[in-house]
Amino acid sequence: MLDLIAAGLIGFGTVFFIAGTVGLLRFPDIFCRLHALTKADGLGLALIALGVALMVGTWAEVFRIALIWFFVAVASATSGHLIAAHARQSMPQTGEADD
Amino acid sequence: MTDPLILFDLLLALAITALAMAVMAVRDMFAAIVLFIIFGLFSALAWVRLSAPDVALAEAAIGTGVTGALLLKTLHHIRHVTGTLGRQDAVSQTPASPVPMPVPMPVIWANAAFCGLITLGLAVAFLGAPQAGPGFDALVADAMPASGVDHPVTAVLLNFRAYDTLMEVVVLLAAVITVWQIERGLSDAPAPALGEVFQGFARLTLPAIVVLGTYLLWKGAEAPGGAFQGGAVLAAVGLVLLLARLYVPQPSHRPVARWAFVLGTGAFAAVALLVTGGGRVAFQYPLEHAKTLILLIEALVTISIAVTLAALFHGREPVALRVDGGRDDT
């Protein structure tokens, strides 16, 4: 039963990753793409981490997974901000910096 | 043969090959570096699948993390600081002409011939190797009690073939000496300022990186981890400090940095030589002190690796800025 819930959560998280990837490929400019990526991947990773945490045995491992989720989420938010700030900064000179 | 993960392995192998080809094929250098970083992450995953977590950690930390940062810093340097790439490339993300300078055909053919020879040699070596041979697992397992540590990889790296590992540390030392020599004439290039959000990120993550790097070093005696992985993670501390401008290298720090560069190599070589005598040769640690000596060497080598990699990321040695904006290269 627990494994089934875990599998469901991981599958649901994967859907968010796929949605984020589709957003990255289909959205018109860098800000929309960042929006899709950071939101979808943040939630997707949280769901997958939750699913994996249900499957592992010990609290120590759950704690490590929580730490991984926390630092990936913080790093992802920070790099999203940095990319957006850089893109906005370099926009007047280069036009659309969405390479 | 009926491993359910075989499909995953095949996809992984295909992805690694495709990424390697994409790195070579793509014209935009920034895209090539990003692809190279992704290539490194997939390689780390492949090492995990090959049950080699030590190599996976090293590939992820050094081959992907630090190397990726070094490549990006170099690109920034040649695009915006020295302008080696020219104005055209610095402004537009992709070069205007697909091939800036045509490579002579003989050079291409010579490169292709050498690459072909290497591939041929690898194929011959692979096909000539004994199929499913025992390898060195049994030999290492037999010698483990004499090593002083509990993790086979650490035993091999720091005891059985410690001379190779010493040479790897020497390579890093040579690299940083070379960079500090040849970069003497170039302009000082601090990393671009990243703003307050990154500084907050740095304050949040730095303690965790320090703990993680030390943990990797300490854990290396009995589980995957060790000096190179721990050193690379601790080098990330230096990178984040430099990027967040929380630490600005000063000329007065040069002596400390020089000592830190040679600390690992010096201590490693000193221990190797000091244990000789009484019937022992160099690197033959006395068994009762083996674990202490190995941990001591690893700790000092870790400091050297961390400082050296961070210094390589910063590039040239810190020079004094004169009041008129020029440099004092003395």
# chains A, B, ... in the order shown; residues from 1 in each chain; ligands from 1
>>> residues_around(residues="Ala73 of chain A", least_positions_apart="4", cutoff="8 Å", atoms="only C-alpha atoms", output="PyMOL selection string")
chain A and resi 42+69+77
>>> residues_around(residues="Glu59 of chain B", least_positions_apart="4", cutoff="10 Å", atoms="only C-alpha atoms", output="PyMOL selection string")
chain B and resi 40-45+47+53-55+63-67+229
>>> closest_residue(among="B:Ala232, B:Ala260, B:Val197, B:Leu309", to="chain A", atoms="only C-alpha atoms")
B:Val197
>>> select_by_dssp(residues="segment 186-316 of chain B", states="alpha helix (DSSP H)", output="ChimeraX atom specification")
/B:196-219,227-243,254-274,290-314
>>> atom_distance(atom1="atom CA of Phe198 of chain B", atom2="atom CA of Leu43 of chain A")
21.9 Å
>>> residues_around(residues="Phe71 of chain A", least_positions_apart="5", cutoff="9 Å", atoms="only C-alpha atoms", output="PDB file with N, CA and C atoms, in the first residue's frame")
ATOM      1  N   ALA A  66      15.275  14.882   2.627  1.00  0.00           N
ATOM      2  CA  ALA A  66      14.719  16.221   2.881  1.00  0.00           C
ATOM      3  C   ALA A  66      15.782  17.292   2.658  1.00  0.00           C
ATOM      4  N   SER A  76      17.887  25.953  -7.093  1.00  0.00           N
ATOM      5  CA  SER A  76      17.090  26.157  -8.302  1.00  0.00           C
ATOM      6  C   SER A  76      16.454  27.547  -8.306  1.00  0.00           C
TER       7      SER A  76
ATOM      8  N   THR B 205      24.066  28.218   2.212  1.00  0.00           N
ATOM      9  CA  THR B 205      24.619  26.929   1.793  1.00  0.00           C
ATOM     10  C   THR B 205      26.044  26.703   2.276  1.00  0.00           C
TER      11      THR B 205
END
>>> residues_around(residues="Lys39 of chain A", least_positions_apart="4", cutoff="9 Å", atoms="only C-alpha atoms", output="PDB file with C-alpha atoms, in the first residue's frame")
ATOM      1  CA  PHE A  16       5.479  17.806 -13.485  1.00  0.00           C
ATOM      2  CA  GLY A  20       8.269  21.706 -17.211  1.00  0.00           C
ATOM      3  CA  LEU A  34      12.031  29.957 -16.399  1.00  0.00           C
ATOM      4  CA  HIS A  35       8.589  30.204 -14.854  1.00  0.00           C
ATOM      5  CA  LEU A  43       7.001  20.684  -7.281  1.00  0.00           C
ATOM      6  CA  GLY A  44       8.054  17.628  -9.293  1.00  0.00           C
TER       7      GLY A  44
END
>>> closest_residue(among="A:Ala6, A:Ala84, A:Leu47, A:Val74", to="chain B", atoms="only C-alpha atoms")
A:Val74
